[in-house]
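File shown here: entry-v3.cif, holding mmCIF, C-alpha atoms, pLDDT in the B column; chains and numbers go by the auth columns.
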```cif
data_coords
#
loop_
_atom_site.group_PDB
_atom_site.id
_atom_site.type_symbol
_atom_site.label_atom_id
_atom_site.label_comp_id
_atom_site.label_asym_id
_atom_site.label_seq_id
_atom_site.Cartn_x
_atom_site.Cartn_y
_atom_site.Cartn_z
_atom_site.B_iso_or_equiv
_atom_site.auth_seq_id
_atom_site.auth_asym_id
ATOM 1 C CA MET A 1 0.000 0.000 0.000 39.00 1 I
ATOM 2 C CA ASN A 2 1.468 3.375 -0.958 43.00 2 I
ATOM 3 C CA ILE A 3 1.437 6.565 1.118 45.00 3 I
ATOM 4 C CA LYS A 4 -1.530 7.966 -0.801 46.00 4 I
ATOM 5 C CA SER A 5 -3.656 4.871 -0.140 46.00 5 I
ATOM 6 C CA GLU A 6 -2.723 4.749 3.548 52.00 6 I
ATOM 7 C CA HIS A 7 -3.580 8.415 4.076 49.00 7 I
ATOM 8 C CA LEU A 8 -6.851 8.304 2.186 48.00 8 I
ATOM 9 C CA ASN A 9 -7.967 5.027 3.760 52.00 9 I
ATOM 10 C CA SER A 10 -7.615 6.747 7.131 53.00 10 I
ATOM 11 C CA LEU A 11 -10.001 9.553 6.109 52.00 11 I
ATOM 12 C CA LYS A 12 -13.362 9.454 7.801 51.00 12 I
ATOM 13 C CA TYR A 13 -14.671 12.264 5.615 52.00 13 I
ATOM 14 C CA LYS A 14 -13.701 14.146 2.517 75.00 14 I
ATOM 15 C CA GLU A 15 -10.926 16.659 3.179 81.00 15 I
ATOM 16 C CA VAL A 16 -11.626 20.169 1.894 88.00 16 I
ATOM 17 C CA VAL A 17 -9.226 23.107 1.907 90.00 17 I
ATOM 18 C CA LYS A 18 -10.617 26.551 1.063 94.00 18 I
ATOM 19 C CA MET A 19 -8.772 29.729 0.208 93.00 19 I
ATOM 20 C CA THR A 20 -9.522 33.089 -1.353 95.00 20 I
ATOM 21 C CA LEU A 21 -6.843 34.913 -3.323 94.00 21 I
ATOM 22 C CA PRO A 22 -6.698 38.153 -5.325 92.00 22 I
ATOM 23 C CA ALA A 23 -7.268 37.435 -9.018 88.00 23 I
ATOM 24 C CA TYR A 24 -3.935 38.884 -10.142 88.00 24 I
ATOM 25 C CA PRO A 25 -1.646 36.702 -12.283 85.00 25 I
ATOM 26 C CA ASN A 26 1.163 36.585 -9.708 89.00 26 I
ATOM 27 C CA TYR A 27 -1.200 34.891 -7.220 92.00 27 I
ATOM 28 C CA ALA A 28 -1.585 31.893 -9.556 90.00 28 I
ATOM 29 C CA LYS A 29 1.852 30.797 -8.340 91.00 29 I
ATOM 30 C CA VAL A 30 0.702 31.062 -4.720 93.00 30 I
ATOM 31 C CA CYS A 31 -2.326 28.945 -5.607 92.00 31 I
ATOM 32 C CA ARG A 32 -0.202 26.296 -7.370 91.00 32 I
ATOM 33 C CA LEU A 33 2.247 26.076 -4.455 92.00 33 I
ATOM 34 C CA ALA A 34 -0.544 25.786 -1.868 93.00 34 I
ATOM 35 C CA ILE A 35 -2.354 23.094 -3.833 89.00 35 I
ATOM 36 C CA SER A 36 0.863 21.159 -4.468 89.00 36 I
ATOM 37 C CA GLY A 37 1.487 21.117 -0.714 88.00 37 I
ATOM 38 C CA ILE A 38 -2.039 19.847 -0.079 85.00 38 I
ATOM 39 C CA VAL A 39 -1.923 17.061 -2.639 83.00 39 I
ATOM 40 C CA THR A 40 1.627 16.056 -1.713 83.00 40 I
ATOM 41 C CA THR A 41 0.375 15.162 1.772 78.00 41 I
ATOM 42 C CA ALA A 42 -2.240 12.953 0.078 77.00 42 I
ATOM 43 C CA GLY A 43 0.550 11.101 -1.749 80.00 43 I
ATOM 44 C CA TYR A 44 0.106 12.370 -5.310 83.00 44 I
ATOM 45 C CA SER A 45 3.091 11.992 -7.643 84.00 45 I
ATOM 46 C CA VAL A 46 5.153 14.741 -9.228 87.00 46 I
ATOM 47 C CA ASP A 47 3.544 13.983 -12.622 86.00 47 I
ATOM 48 C CA GLU A 48 0.043 14.283 -11.156 84.00 48 I
ATOM 49 C CA ILE A 49 0.991 17.574 -9.505 86.00 49 I
ATOM 50 C CA GLU A 50 2.355 18.876 -12.839 87.00 50 I
ATOM 51 C CA ASP A 51 -1.030 18.108 -14.430 84.00 51 I
ATOM 52 C CA MET A 52 -2.678 20.102 -11.646 83.00 52 I
ATOM 53 C CA PHE A 53 -0.298 23.028 -12.251 86.00 53 I
ATOM 54 C CA GLN A 54 -1.331 23.159 -15.912 84.00 54 I
ATOM 55 C CA ALA A 55 -5.011 23.025 -15.025 84.00 55 I
ATOM 56 C CA ILE A 56 -4.659 25.713 -12.338 86.00 56 I
ATOM 57 C CA THR A 57 -2.801 28.036 -14.721 85.00 57 I
ATOM 58 C CA ALA A 58 -5.469 27.586 -17.393 83.00 58 I
ATOM 59 C CA ALA A 59 -8.279 28.131 -14.890 83.00 59 I
ATOM 60 C CA TRP A 60 -6.595 31.243 -13.475 84.00 60 I
ATOM 61 C CA MET A 61 -6.560 32.861 -16.915 80.00 61 I
ATOM 62 C CA LEU A 62 -10.361 32.692 -16.996 79.00 62 I
ATOM 63 C CA PHE A 63 -10.711 35.050 -14.050 81.00 63 I
ATOM 64 C CA GLU A 64 -8.673 38.092 -14.989 75.00 64 I
ATOM 65 C CA LEU A 65 -11.773 40.279 -14.600 75.00 65 I
ATOM 66 C CA ALA A 66 -12.535 39.036 -11.078 83.00 66 I
ATOM 67 C CA ASP A 67 -11.519 40.782 -7.861 87.00 67 I
ATOM 68 C CA THR A 68 -10.862 37.566 -5.965 90.00 68 I
ATOM 69 C CA ILE A 69 -11.049 33.826 -6.590 90.00 69 I
ATOM 70 C CA ASP A 70 -12.411 31.278 -4.128 91.00 70 I
ATOM 71 C CA ILE A 71 -10.576 27.976 -4.440 90.00 71 I
ATOM 72 C CA ASN A 72 -11.818 24.721 -2.924 90.00 72 I
ATOM 73 C CA VAL A 73 -9.549 21.685 -3.020 88.00 73 I
ATOM 74 C CA SER A 74 -11.469 18.520 -2.133 87.00 74 I
ATOM 75 C CA ILE A 75 -9.722 15.182 -1.744 83.00 75 I
ATOM 76 C CA LEU A 76 -12.582 12.844 -2.616 81.00 76 I
ATOM 77 C CA SER A 77 -10.765 9.518 -2.815 75.00 77 I
ATOM 78 C CA LYS A 78 -7.328 8.065 -3.356 70.00 78 I
ATOM 79 C CA ASP A 79 -7.724 8.675 -7.082 73.00 79 I
ATOM 80 C CA CYS A 80 -9.766 11.864 -7.243 80.00 80 I
ATOM 81 C CA ILE A 81 -9.192 15.482 -6.297 83.00 81 I
ATOM 82 C CA GLU A 82 -11.748 18.146 -7.142 85.00 82 I
ATOM 83 C CA LEU A 83 -10.483 21.655 -7.863 85.00 83 I
ATOM 84 C CA ASP A 84 -13.247 24.258 -7.822 88.00 84 I
ATOM 85 C CA PHE A 85 -12.629 27.929 -8.676 87.00 85 I
ATOM 86 C CA LYS A 86 -15.248 30.680 -8.296 87.00 86 I
ATOM 87 C CA ALA A 87 -14.914 34.343 -9.270 84.00 87 I
ATOM 88 C CA ASN A 88 -15.937 37.190 -6.960 86.00 88 I
ATOM 89 C CA GLY A 89 -16.529 40.778 -8.060 82.00 89 I
ATOM 90 C CA THR A 90 -15.561 42.380 -11.332 74.00 90 I
ATOM 91 C CA LYS A 91 -12.691 44.699 -12.211 65.00 91 I
ATOM 92 C CA ASN A 92 -13.141 47.393 -14.838 55.00 92 I
ATOM 93 C CA THR A 93 -10.627 46.746 -17.564 54.00 93 I
ATOM 94 C CA ASP A 94 -10.491 46.921 -21.333 54.00 94 I
ATOM 95 C CA LYS A 95 -7.394 44.712 -21.519 54.00 95 I
ATOM 96 C CA THR A 96 -9.155 41.351 -21.409 56.00 96 I
ATOM 97 C CA ASN A 97 -7.607 38.775 -23.715 57.00 97 I
ATOM 98 C CA TYR A 98 -10.727 36.877 -24.786 59.00 98 I
ATOM 99 C CA SER A 99 -8.879 34.650 -27.271 64.00 99 I
ATOM 100 C CA LEU A 100 -6.581 33.444 -24.485 65.00 100 I
ATOM 101 C CA MET A 101 -9.630 32.828 -22.295 68.00 101 I
ATOM 102 C CA GLU A 102 -11.262 30.751 -25.050 71.00 102 I
ATOM 103 C CA LEU A 103 -8.079 28.682 -25.433 72.00 103 I
ATOM 104 C CA SER A 104 -8.037 28.107 -21.679 78.00 104 I
ATOM 105 C CA ILE A 105 -11.659 26.971 -21.747 78.00 105 I
ATOM 106 C CA LYS A 106 -11.034 24.541 -24.617 78.00 106 I
ATOM 107 C CA TYR A 107 -7.942 23.166 -22.891 78.00 107 I
ATOM 108 C CA LEU A 108 -9.741 22.612 -19.581 80.00 108 I
ATOM 109 C CA ILE A 109 -12.741 20.964 -21.231 78.00 109 I
ATOM 110 C CA ASN A 110 -10.741 18.747 -23.604 80.00 110 I
ATOM 111 C CA VAL A 111 -7.984 17.650 -21.229 77.00 111 I
ATOM 112 C CA PHE A 112 -9.683 17.723 -17.828 74.00 112 I
ATOM 113 C CA GLU A 113 -13.383 17.508 -18.807 80.00 113 I
ATOM 114 C CA ALA A 114 -13.924 20.698 -16.812 79.00 114 I
ATOM 115 C CA GLN A 115 -17.331 22.151 -16.128 81.00 115 I
ATOM 116 C CA ILE A 116 -17.434 25.871 -16.923 79.00 116 I
ATOM 117 C CA ASN A 117 -20.138 27.873 -15.134 80.00 117 I
ATOM 118 C CA LYS A 118 -21.296 31.059 -16.867 76.00 118 I
ATOM 119 C CA LYS A 119 -23.840 33.663 -15.838 75.00 119 I
ATOM 120 C CA ASP A 120 -24.938 36.305 -18.345 71.00 120 I
ATOM 121 C CA GLY A 121 -22.038 35.306 -20.593 65.00 121 I
ATOM 122 C CA VAL A 122 -19.437 35.831 -17.845 66.00 122 I
ATOM 123 C CA ILE A 123 -17.418 32.933 -16.464 70.00 123 I
ATOM 124 C CA LYS A 124 -18.213 32.568 -12.776 72.00 124 I
ATOM 125 C CA GLY A 125 -16.592 29.241 -12.014 76.00 125 I
ATOM 126 C CA VAL A 126 -14.725 26.187 -13.232 78.00 126 I
ATOM 127 C CA CYS A 127 -14.614 22.750 -11.663 78.00 127 I
ATOM 128 C CA PHE A 128 -12.547 19.740 -12.678 69.00 128 I
ATOM 129 C CA TYR A 129 -11.242 16.486 -11.281 73.00 129 I
ATOM 130 C CA ILE A 130 -7.722 15.126 -11.370 70.00 130 I
#
```
This entry written out as structure tokens:
Amino acid sequence: MNIKSEHLNSLKYKEVVKMTLPAYPNYAKVCRLAISGIVTTAGYSVDEIEDMFQAITAAWMLFELADTIDINVSILSKDCIELDFKANGTKNTDKTNYSLMELSIKYLINVFEAQINKKDGVIKGVCFYI
């Protein structure tokens, strides 16, 4: 039995870690480092963590108009982590790169089968499992 299996077999409930970060690009790194620390304790491999980094970076690009991003990391089982991002507030900016956002959406849907939540044409959340 590996470390991941031992840790997750000892769970009596799903573990959830919540954080809220400013939606500025430099905070994506903070998010990636925090999540890598969380999933490392659950026994995920370096390759699995690299996949998460790519997904987090793509998801972060969707929220450049938000003020803050709520992030929930849920360890659901030994083989499944849910990453859920929700946008809060809206910044006024004319510098939005919509083509980059569309590429991020396609990447998340095609590679991670992400669910994109929109309200009035604005992305409000993204959820995917790794």
Can I get the residues of stretch 4-86 of chain I within 8 Å of stretch 108-121 of chain I, each with the closest pair of atoms and their distance in Å to one decimal, using only C-alpha atoms, sorted chain first then ascending number, as a tab-separated table?
```
residue	atom	partner	partner_atom	distance
I:Ala55	CA	I:Leu108	CA	6.6
I:Ala58	CA	I:Leu108	CA	6.9
I:Ala59	CA	I:Leu108	CA	7.4
```
I:Gly89 surroundings by only C-alpha atoms, 9 Å radius, close-in-sequence under 4 positions cut, as a list in words: Leu65, Ala66, Asp67, Thr68 and Ile69 of chain I
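Closest approach to I:Lys14 from the set I:Cys80, I:Ala34, I:Ile56, I:Ile130 is made by I:Cys80, with distances taken over only C-alpha atoms.
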For stretch 21-23 of chain I, find every residue with an atom within 12 Å (counting all atoms listed in the file), except residues of its own chain fewer than 6 positions away, and show them as a PDB file with C-alpha atoms, in the frame of the given file.
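File written: result_38.pdb
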```
ATOM      1  CA  LYS I  29       1.852  30.797  -8.340  1.00 91.00           C
ATOM      2  CA  VAL I  30       0.702  31.062  -4.720  1.00 93.00           C
ATOM      3  CA  CYS I  31      -2.326  28.945  -5.607  1.00 92.00           C
ATOM      4  CA  ARG I  32      -0.202  26.296  -7.370  1.00 91.00           C
ATOM      5  CA  ALA I  34      -0.544  25.786  -1.868  1.00 93.00           C
ATOM      6  CA  THR I  57      -2.801  28.036 -14.721  1.00 85.00           C
ATOM      7  CA  ALA I  59      -8.279  28.131 -14.890  1.00 83.00           C
ATOM      8  CA  TRP I  60      -6.595  31.243 -13.475  1.00 84.00           C
ATOM      9  CA  MET I  61      -6.560  32.861 -16.915  1.00 80.00           C
ATOM     10  CA  LEU I  62     -10.361  32.692 -16.996  1.00 79.00           C
ATOM     11  CA  PHE I  63     -10.711  35.050 -14.050  1.00 81.00           C
ATOM     12  CA  GLU I  64      -8.673  38.092 -14.989  1.00 75.00           C
ATOM     13  CA  LEU I  65     -11.773  40.279 -14.600  1.00 75.00           C
ATOM     14  CA  ALA I  66     -12.535  39.036 -11.078  1.00 83.00           C
ATOM     15  CA  ASP I  67     -11.519  40.782  -7.861  1.00 87.00           C
ATOM     16  CA  THR I  68     -10.862  37.566  -5.965  1.00 90.00           C
ATOM     17  CA  ILE I  69     -11.049  33.826  -6.590  1.00 90.00           C
ATOM     18  CA  ASP I  70     -12.411  31.278  -4.128  1.00 91.00           C
ATOM     19  CA  ILE I  71     -10.576  27.976  -4.440  1.00 90.00           C
ATOM     20  CA  ASN I  72     -11.818  24.721  -2.924  1.00 90.00           C
ATOM     21  CA  PHE I  85     -12.629  27.929  -8.676  1.00 87.00           C
ATOM     22  CA  LYS I  86     -15.248  30.680  -8.296  1.00 87.00           C
ATOM     23  CA  ALA I  87     -14.914  34.343  -9.270  1.00 84.00           C
ATOM     24  CA  ASN I  88     -15.937  37.190  -6.960  1.00 86.00           C
ATOM     25  CA  GLY I  89     -16.529  40.778  -8.060  1.00 82.00           C
ATOM     26  CA  THR I  90     -15.561  42.380 -11.332  1.00 74.00           C
ATOM     27  CA  LYS I  91     -12.691  44.699 -12.211  1.00 65.00           C
TER      28      LYS I  91
END
```
query: At what distance in Å, to one decimal, does atom CA of I:Leu33 lie from atom CA of I:Ile123?
result: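 For atom CA of I:Ile123 relative to atom CA of I:Leu33, the distance reads 24.0 Å.
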